[in-house]
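Colleague: What follows is the file my_file14.cif, containing mmCIF, C-alpha atoms and all ligand atoms:
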data_coords
#
loop_
_atom_site.label_atom_id
_atom_site.label_comp_id
_atom_site.auth_asym_id
_atom_site.auth_seq_id
_atom_site.Cartn_x
_atom_site.Cartn_y
_atom_site.Cartn_z
CA MET A 23 6.94 75.32 -56.74
CA PRO A 24 8.27 71.74 -56.71
CA VAL A 25 6.23 68.94 -58.26
CA TRP A 26 6.30 65.31 -57.15
CA ILE A 27 5.73 62.62 -59.82
CA ASN A 28 5.79 58.90 -58.94
CA GLY A 29 8.26 59.35 -56.10
CA GLU A 30 10.48 61.98 -57.75
CA LEU A 31 10.61 65.64 -56.74
CA LEU A 32 11.21 68.01 -59.68
CA PRO A 33 11.23 71.76 -60.34
CA ASP A 34 7.88 72.67 -61.95
CA ASN A 35 9.50 73.53 -65.31
CA GLU A 36 10.95 70.01 -65.51
CA ALA A 37 7.84 68.11 -64.38
CA ARG A 38 6.49 66.04 -67.30
CA ILE A 39 4.00 63.28 -67.98
CA SER A 40 3.59 61.43 -71.26
CA VAL A 41 1.19 62.63 -73.98
CA PHE A 42 -0.09 59.01 -73.88
CA ASP A 43 -1.10 59.23 -70.22
CA HIS A 44 -4.75 58.06 -70.12
CA GLY A 45 -5.51 60.88 -67.70
CA LEU A 46 -4.69 63.34 -70.47
CA VAL A 47 -6.13 61.34 -73.37
CA VAL A 48 -9.57 60.54 -71.91
CA GLY A 49 -9.66 61.97 -68.39
CA ASP A 50 -9.06 58.52 -66.88
CA GLY A 51 -7.98 59.60 -63.43
CA VAL A 52 -9.03 60.94 -60.06
CA PHE A 53 -7.84 63.88 -58.01
CA GLU A 54 -7.99 65.81 -54.78
CA THR A 55 -7.58 69.50 -53.99
CA ILE A 56 -6.26 70.21 -50.52
CA LYS A 57 -5.92 73.50 -48.68
CA VAL A 58 -2.40 74.19 -47.36
CA ALA A 59 -2.48 77.02 -44.83
CA GLY A 60 0.86 78.17 -43.39
CA GLY A 61 2.53 75.03 -44.78
CA GLN A 62 0.01 72.69 -43.11
CA PRO A 63 -2.26 70.54 -45.32
CA PHE A 64 -5.85 70.56 -44.00
CA ALA A 65 -7.85 67.32 -43.63
CA LEU A 66 -5.23 65.31 -45.55
CA SER A 67 -6.45 61.92 -44.25
CA ARG A 68 -10.02 62.58 -45.43
CA HIS A 69 -8.76 63.69 -48.84
CA LEU A 70 -6.55 60.60 -49.21
CA ALA A 71 -9.48 58.38 -48.22
CA ARG A 72 -11.67 60.04 -50.88
CA LEU A 73 -8.88 59.64 -53.47
CA ALA A 74 -8.92 55.89 -52.77
CA THR A 75 -12.74 55.79 -52.97
CA SER A 76 -12.74 57.67 -56.29
CA ALA A 77 -10.03 55.37 -57.69
CA ALA A 78 -12.00 52.27 -56.67
CA GLY A 79 -15.18 53.72 -58.19
CA LEU A 80 -13.38 54.35 -61.47
CA GLY A 81 -11.89 50.82 -61.45
CA LEU A 82 -8.30 52.04 -61.04
CA PRO A 83 -5.79 50.11 -58.92
CA PRO A 84 -5.62 51.38 -55.32
CA PRO A 85 -3.28 54.35 -54.94
CA ASP A 86 -0.31 53.87 -52.58
CA LEU A 87 -1.55 56.38 -50.01
CA GLU A 88 1.60 56.21 -47.88
CA GLN A 89 3.77 57.00 -50.91
CA ILE A 90 1.46 59.88 -51.88
CA ARG A 91 1.48 61.16 -48.30
CA ALA A 92 5.30 61.19 -48.47
CA GLY A 93 4.99 63.15 -51.73
CA VAL A 94 2.72 65.68 -50.01
CA THR A 95 5.27 66.14 -47.22
CA ALA A 96 8.16 66.46 -49.69
CA VAL A 97 6.35 69.12 -51.73
CA VAL A 98 5.26 71.13 -48.68
CA GLN A 99 8.74 70.99 -47.12
CA THR A 100 10.55 72.17 -50.26
CA ALA A 101 8.01 74.76 -51.48
CA PRO A 102 8.63 78.45 -50.76
CA ALA A 103 6.56 79.59 -47.75
CA VAL A 104 3.25 81.22 -48.75
CA PRO A 105 0.28 81.98 -46.47
CA LEU A 106 -2.20 79.93 -48.50
CA ALA A 107 -1.75 77.34 -51.21
CA ARG A 108 -3.80 74.81 -53.11
CA MET A 109 -2.39 71.33 -53.40
CA ARG A 110 -3.48 69.02 -56.15
CA ILE A 111 -3.05 65.25 -56.03
CA THR A 112 -3.73 63.58 -59.37
CA PHE A 113 -3.79 59.81 -59.85
CA THR A 114 -4.32 58.46 -63.36
CA ALA A 115 -4.46 55.11 -65.15
CA GLY A 116 -0.97 55.80 -66.53
CA MET A 117 0.09 55.11 -70.12
CA GLY A 118 -2.70 53.96 -72.38
CA PRO A 119 -3.90 53.78 -75.97
CA LEU A 120 -5.48 56.73 -77.79
CA GLY A 121 -8.99 55.47 -77.02
CA SER A 122 -11.13 54.53 -74.05
CA GLU A 123 -9.78 51.00 -73.48
CA ARG A 124 -7.14 50.69 -70.76
CA ALA A 125 -3.64 49.24 -70.90
CA LYS A 126 -2.29 47.45 -67.83
CA SER A 127 0.21 50.23 -67.04
CA PRO A 128 1.55 51.51 -63.75
CA ALA A 129 -0.51 54.45 -62.52
CA THR A 130 0.73 58.04 -62.59
CA ALA A 131 0.67 59.93 -59.28
CA VAL A 132 1.36 63.67 -59.17
CA VAL A 133 1.44 66.15 -56.27
CA ALA A 134 1.54 69.82 -57.28
CA LEU A 135 1.13 73.07 -55.36
CA ALA A 136 0.15 76.62 -56.30
CA GLU A 137 -0.27 79.77 -54.25
CA GLN A 138 -3.92 80.64 -53.62
CA GLN A 139 -5.74 83.86 -52.77
CA SER A 140 -8.02 83.93 -49.72
CA PRO A 141 -11.66 83.31 -50.64
CA ALA A 142 -13.85 86.36 -51.28
CA GLU A 143 -16.28 87.47 -48.55
CA PHE A 144 -19.29 86.26 -50.56
CA VAL A 145 -20.10 84.82 -53.98
CA ASP A 146 -22.81 85.27 -56.60
CA VAL A 147 -24.05 82.06 -58.21
CA ALA A 148 -25.90 81.17 -61.40
CA VAL A 149 -28.01 78.05 -61.89
CA VAL A 150 -26.86 76.44 -65.14
CA PRO A 151 -29.20 74.95 -67.78
CA TRP A 152 -27.45 71.54 -67.62
CA ARG A 153 -28.19 68.81 -65.06
CA ARG A 154 -26.03 66.61 -62.88
CA ASN A 155 -26.83 62.97 -63.55
CA GLU A 156 -27.29 61.38 -60.14
CA PHE A 157 -27.30 57.93 -61.85
CA GLY A 158 -24.05 58.33 -63.86
CA ALA A 159 -21.05 55.99 -63.69
CA LEU A 160 -18.89 58.81 -62.28
CA THR A 161 -21.44 60.22 -59.84
CA GLY A 162 -19.89 60.98 -56.48
CA LEU A 163 -16.34 60.38 -57.77
CA LYS A 164 -13.77 63.14 -58.04
CA THR A 165 -12.46 62.27 -61.49
CA THR A 166 -10.26 64.30 -63.81
CA SER A 167 -13.17 64.29 -66.32
CA TYR A 168 -14.13 67.78 -65.17
CA ALA A 169 -14.82 69.54 -68.47
CA GLU A 170 -18.55 69.71 -67.62
CA ASN A 171 -17.60 71.78 -64.57
CA VAL A 172 -15.27 73.94 -66.67
CA ARG A 173 -18.15 74.68 -69.08
CA ALA A 174 -20.58 75.41 -66.25
CA LEU A 175 -18.12 77.74 -64.52
CA SER A 176 -17.57 79.67 -67.75
CA TYR A 177 -21.38 79.95 -68.08
CA ALA A 178 -21.46 81.39 -64.57
CA ALA A 179 -18.73 83.91 -65.48
CA GLU A 180 -20.75 84.91 -68.58
CA HIS A 181 -23.65 85.59 -66.16
CA GLU A 182 -21.54 87.62 -63.73
CA ALA A 183 -21.38 84.83 -61.17
CA GLY A 184 -18.43 83.18 -59.47
CA GLU A 185 -19.88 79.68 -59.15
CA ALA A 186 -22.36 77.60 -61.14
CA ILE A 187 -25.07 75.54 -59.47
CA PHE A 188 -26.45 72.31 -60.90
CA ALA A 189 -29.85 70.76 -60.41
CA ASN A 190 -29.99 66.98 -60.89
CA THR A 191 -32.21 65.09 -63.33
CA ALA A 192 -35.08 65.19 -60.79
CA GLY A 193 -34.87 69.01 -60.75
CA ASN A 194 -33.51 69.02 -57.22
CA LEU A 195 -30.69 71.18 -55.91
CA CYS A 196 -27.39 69.28 -56.28
CA GLU A 197 -24.03 71.14 -56.04
CA GLY A 198 -21.63 73.61 -57.62
CA THR A 199 -18.69 72.90 -59.94
CA GLY A 200 -16.28 72.68 -57.01
CA THR A 201 -18.57 73.23 -54.06
CA ASN A 202 -21.48 71.86 -52.06
CA VAL A 203 -24.43 74.07 -51.25
CA PHE A 204 -26.31 74.76 -48.01
CA VAL A 205 -29.56 76.72 -47.65
CA VAL A 206 -31.43 78.06 -44.65
CA VAL A 207 -35.19 77.59 -44.88
CA ASP A 208 -37.43 78.57 -41.95
CA GLY A 209 -34.35 78.67 -39.71
CA ARG A 210 -33.27 75.11 -40.68
CA LEU A 211 -29.84 74.48 -42.22
CA LEU A 212 -30.23 72.05 -45.12
CA THR A 213 -27.99 70.50 -47.77
CA PRO A 214 -28.79 68.00 -50.55
CA PRO A 215 -28.14 64.34 -49.64
CA LEU A 216 -25.35 62.41 -51.41
CA SER A 217 -28.10 60.57 -53.36
CA SER A 218 -28.73 63.88 -55.18
CA GLY A 219 -25.50 63.14 -57.08
CA CYS A 220 -23.29 65.67 -55.30
CA LEU A 221 -19.72 64.93 -54.28
CA ALA A 222 -19.19 63.93 -50.66
CA GLY A 223 -17.36 67.18 -49.93
CA VAL A 224 -14.86 67.12 -47.08
CA THR A 225 -15.94 70.64 -46.07
CA ARG A 226 -19.63 69.65 -46.32
CA ALA A 227 -19.09 66.70 -43.98
CA LEU A 228 -17.19 68.85 -41.47
CA VAL A 229 -19.88 71.56 -41.52
CA LEU A 230 -22.56 68.91 -40.88
CA GLU A 231 -20.47 67.52 -37.99
CA TRP A 232 -19.42 70.84 -36.47
CA ALA A 233 -22.33 73.19 -37.21
CA GLY A 234 -25.22 70.73 -37.57
CA GLY A 235 -27.74 70.77 -40.40
CA ALA A 236 -29.79 68.13 -42.16
CA GLU A 237 -29.62 66.40 -45.54
CA GLU A 238 -32.81 66.98 -47.50
CA ASN A 239 -33.87 67.03 -51.14
CA LEU A 240 -35.05 70.47 -52.21
CA PRO A 241 -36.26 71.77 -55.57
CA VAL A 242 -33.50 73.84 -57.21
CA ASP A 243 -35.67 76.97 -56.90
CA ALA A 244 -35.36 76.69 -53.12
CA LEU A 245 -31.91 78.25 -53.47
CA ALA A 246 -33.21 81.58 -54.83
CA ASP A 247 -36.04 81.53 -52.26
CA ALA A 248 -33.79 80.69 -49.27
CA ASP A 249 -33.43 83.08 -46.33
CA GLU A 250 -29.68 82.58 -46.57
CA ALA A 251 -27.33 80.20 -48.34
CA PHE A 252 -23.65 79.33 -48.52
CA LEU A 253 -21.16 77.23 -50.44
CA THR A 254 -18.63 74.88 -48.91
CA GLY A 255 -15.42 73.68 -50.48
CA THR A 256 -11.70 73.31 -49.97
CA THR A 257 -10.82 76.62 -51.65
CA ARG A 258 -13.73 78.56 -50.10
CA ASP A 259 -14.35 77.01 -46.64
CA VAL A 260 -17.83 78.44 -45.79
CA GLN A 261 -18.65 81.19 -48.28
CA PRO A 262 -21.94 83.14 -48.11
CA ILE A 263 -23.97 83.35 -51.32
CA ARG A 264 -24.98 86.95 -52.11
CA LYS A 265 -27.01 86.62 -55.31
CA VAL A 266 -28.72 83.75 -57.09
CA ASN A 267 -29.28 84.38 -60.83
CA GLY A 268 -28.78 88.12 -60.24
CA SER A 269 -31.25 88.42 -57.31
CA LYS A 270 -29.96 89.20 -53.84
CA LEU A 271 -30.80 86.84 -50.97
CA ALA A 272 -32.50 88.30 -47.89
CA ALA A 273 -29.46 88.01 -45.58
CA VAL A 274 -25.77 88.08 -46.61
CA PRO A 275 -24.38 86.60 -44.50
CA GLY A 276 -27.33 85.55 -42.40
CA PRO A 277 -26.96 84.47 -38.78
CA VAL A 278 -26.87 80.73 -39.51
CA THR A 279 -24.17 81.20 -42.17
CA ARG A 280 -22.15 83.44 -39.89
CA LYS A 281 -22.31 80.86 -37.11
CA ALA A 282 -21.35 77.99 -39.45
CA ALA A 283 -18.35 79.95 -40.77
CA GLU A 284 -17.25 80.83 -37.26
CA VAL A 285 -17.55 77.26 -35.93
CA PHE A 286 -15.75 75.91 -39.00
CA GLY A 287 -12.90 78.41 -38.59
CA THR A 288 -12.46 77.64 -34.88
CA GLN A 289 -12.61 73.86 -35.24
CA ALA A 290 -10.35 73.78 -38.30
CA ALA A 291 -7.72 75.85 -36.48
CA GLU A 292 -7.80 73.34 -33.60
CA SER A 293 -7.67 70.19 -35.69
CA PRO A 294 -5.67 70.34 -38.95
CA ASP A 295 -6.45 66.70 -39.82
CA PRO A 296 -9.98 66.19 -38.44
C1 LIG B 1 -18.04 68.73 -57.77
C2 LIG B 1 -17.57 69.12 -56.41
N1 LIG B 1 -18.48 69.23 -55.42
C3 LIG B 1 -18.10 69.60 -54.18
C4 LIG B 1 -16.79 69.89 -53.87
C5 LIG B 1 -16.41 70.31 -52.47
O1 LIG B 1 -15.65 69.31 -51.85
P1 LIG B 1 -14.52 69.64 -50.76
O2 LIG B 1 -15.21 70.31 -49.63
O3 LIG B 1 -13.99 68.30 -50.42
O4 LIG B 1 -13.53 70.53 -51.43
C6 LIG B 1 -15.83 69.78 -54.88
C7 LIG B 1 -14.42 70.10 -54.60
O5 LIG B 1 -13.63 69.30 -54.32
C8 LIG B 1 -16.22 69.36 -56.17
O6 LIG B 1 -15.32 69.24 -57.14
#
Kindly return the structure encoded in the file as structure tokens.
Ligand SMILES: Cc1ncc(COP(=O)(O)O)c(C=O)c1O

Modeller:
Amino acid sequence: MPVWINGELLPDNEARISVFDHGLVVGDGVFETIKVAGGQPFALSRHLARLATSAAGLGLPPPDLEQIRAGVTAVVQTAPAVPLARMRITFTAGMGPLGSERAKSPATAVVALAEQQSPAEFVDVAVVPWRRNEFGALTGLKTTSYAENVRALSYAAEHEAGEAIFANTAGNLCEGTGTNVFVVVDGRLLTPPLSSGCLAGVTRALVLEWAGGAEENLPVDALADADEAFLTGTTRDVQPIRKVNGSKLAAVPGPVTRKAAEVFGTQAAESPDP
């Protein structure tokens, strides 16, 4: 698959960034993951807007969104056709020293693509022993400092689960490593508010717009006690949760989940850049 770096399109085996790139050295960067179905990026404008928000939150210079959009088009147009792919836009502080201070360097922008399998019909989740800090400097930003998510996801795999769920410091339900979470309690569709420390997921926002639902703080145990629950995210769309910490939920998928998945599928097919 071709890779675009700072305006240049390269074969993936020739795509290089410096070992002094601050994104590599200290995770000083932001990113987006975008679904590309049948060669068409989904919700690109929302993802670019969030990239800019994350960059501003991290104190990076504003990304040139038109240049990155051109990179997205170039990569999609030259990539071999695959039914489903995952696009990654990475924007870092560029060259820097071997510590946390920043140099005034031009940023590094990368657009890469990889083929992706369709999401599984359902997922088992494990609540991890670590908390999301809803007061942290990076809260709500999609930064390349994702090692905490890598560790949590490996914990989930060790516990026979495909996604890890975090509570926040208040003990409330927050989010997954690459997903937002919805629960159905007494027939009501609920998801944690952004103040819980979760990322403002593009899929989460579209589900709230298209399928309804309310933002409400819930204790993390509400997930295991829910009538039904699902994850949302770019690589999963609306994915029913089957088990929480090894215990099966009452309905998989339940009627509210089924409806949300159906509405999301229909609307997304109608509007590729909603
Ligand atoms: C921590 C985190 N929460 C939630 C999400 C879901 O967001 P989206 O629906 O935009 O993929 C992601 C994935 O991007 C994420 O990394």

Colleague: Between A:Cys196, A:Ala77, A:Leu87, A:Ala131, which is the closest to Leu31 (chain A) once you count all atoms listed in the file?

Modeller: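 Among the listed residues, the smallest separation from Leu31 (chain A) belongs to A:Ala131.
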
Colleague: Produce as number ranges by chain the set of residues near ligand LIG 1 (chain B), where near means within 9 Å with only C-alpha atoms and all ligand atoms considered.

Modeller: A: 53-57, 68-69, 72, 162-165, 168, 171, 196-203, 220-228, 253-259

Colleague: Taking 6 positions as the minimum chain separation for residues in the same chain, which residues sit within 10 Å of region 270-280 of chain A when counting all atoms listed in the file? Answer as a list in words.

Modeller: Glu143, Phe144, Val145, Asp146, Phe204, Val205, Val206, Gly209, Arg210, Leu211, Ala233, Leu245, Ala246, Asp247, Ala248, Asp249, Glu250, Ala251, Phe252, Leu253, Val260, Gln261, Pro262, Ile263, Arg264 and Phe286 of chain A

Colleague: Have a look at A:Leu216, A:Ala183, A:Leu82, A:Ala74 and name the one nearest to Thr161 (chain A); count all atoms listed in the file.

Modeller: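 Among the listed residues, the smallest separation from Thr161 (chain A) belongs to A:Leu216.
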
Colleague: Please compute the CA of Ala37 (chain A)-CA of Thr130 (chain A) distance, one decimal, in Å.

Modeller: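 Computing the Euclidean distance for CA of Ala37 (chain A) and CA of Thr130 (chain A) yields 12.5 Å.
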
Colleague: Smallest atom-to-atom distance to Gln99 (chain A): which of A:Val149, A:Glu292, A:Gly61, A:Glu170, using all atoms listed in the file?

Modeller: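 Among the listed residues, the smallest separation from Gln99 (chain A) belongs to A:Gly61.
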
Colleague: One decimal, in Å: what's the spacing between CA of Asn190 (chain A) and CA of Glu231 (chain A)?

Modeller: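 Distance reported for this atom pair: 24.8 Å.
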
Colleague: Using all atoms listed in the file, which residue out of A:Pro119, A:Gly60, A:Phe113, A:Asn267 lies closest to Asp243 (chain A)?

Modeller: A:Asn267

Colleague: My list of candidates is A:Ser122, A:Leu160, A:Val47, A:Ala59. Which is closest to Ser140 (chain A) when distances are computed with only C-alpha atoms?

Modeller: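 The shortest atom-to-atom distance to Ser140 (chain A) comes from A:Ala59.
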
Colleague: Taking all atoms listed in the file into account, name the residue in A:Pro102, A:Pro151, A:Gly118, A:Pro128 that is nearest to Phe188 (chain A).

Modeller: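 Among the listed residues, the smallest separation from Phe188 (chain A) belongs to A:Pro151.
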
Colleague: Please report the interatomic distance between CA of Gly268 (chain A) and CA of Arg173 (chain A) in Å with one decimal.

Modeller: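 A separation of 19.3 Å between them.
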
Colleague: Any idea what's packed within 12 Å of Gly193 (chain A), counting only C-alpha atoms, ignoring anything in its chain fewer than 5 positions away? Could you give it as an NGL selection string?

Modeller: :A and (149-156 or 187-188 or 214 or 218-219 or 239-244)
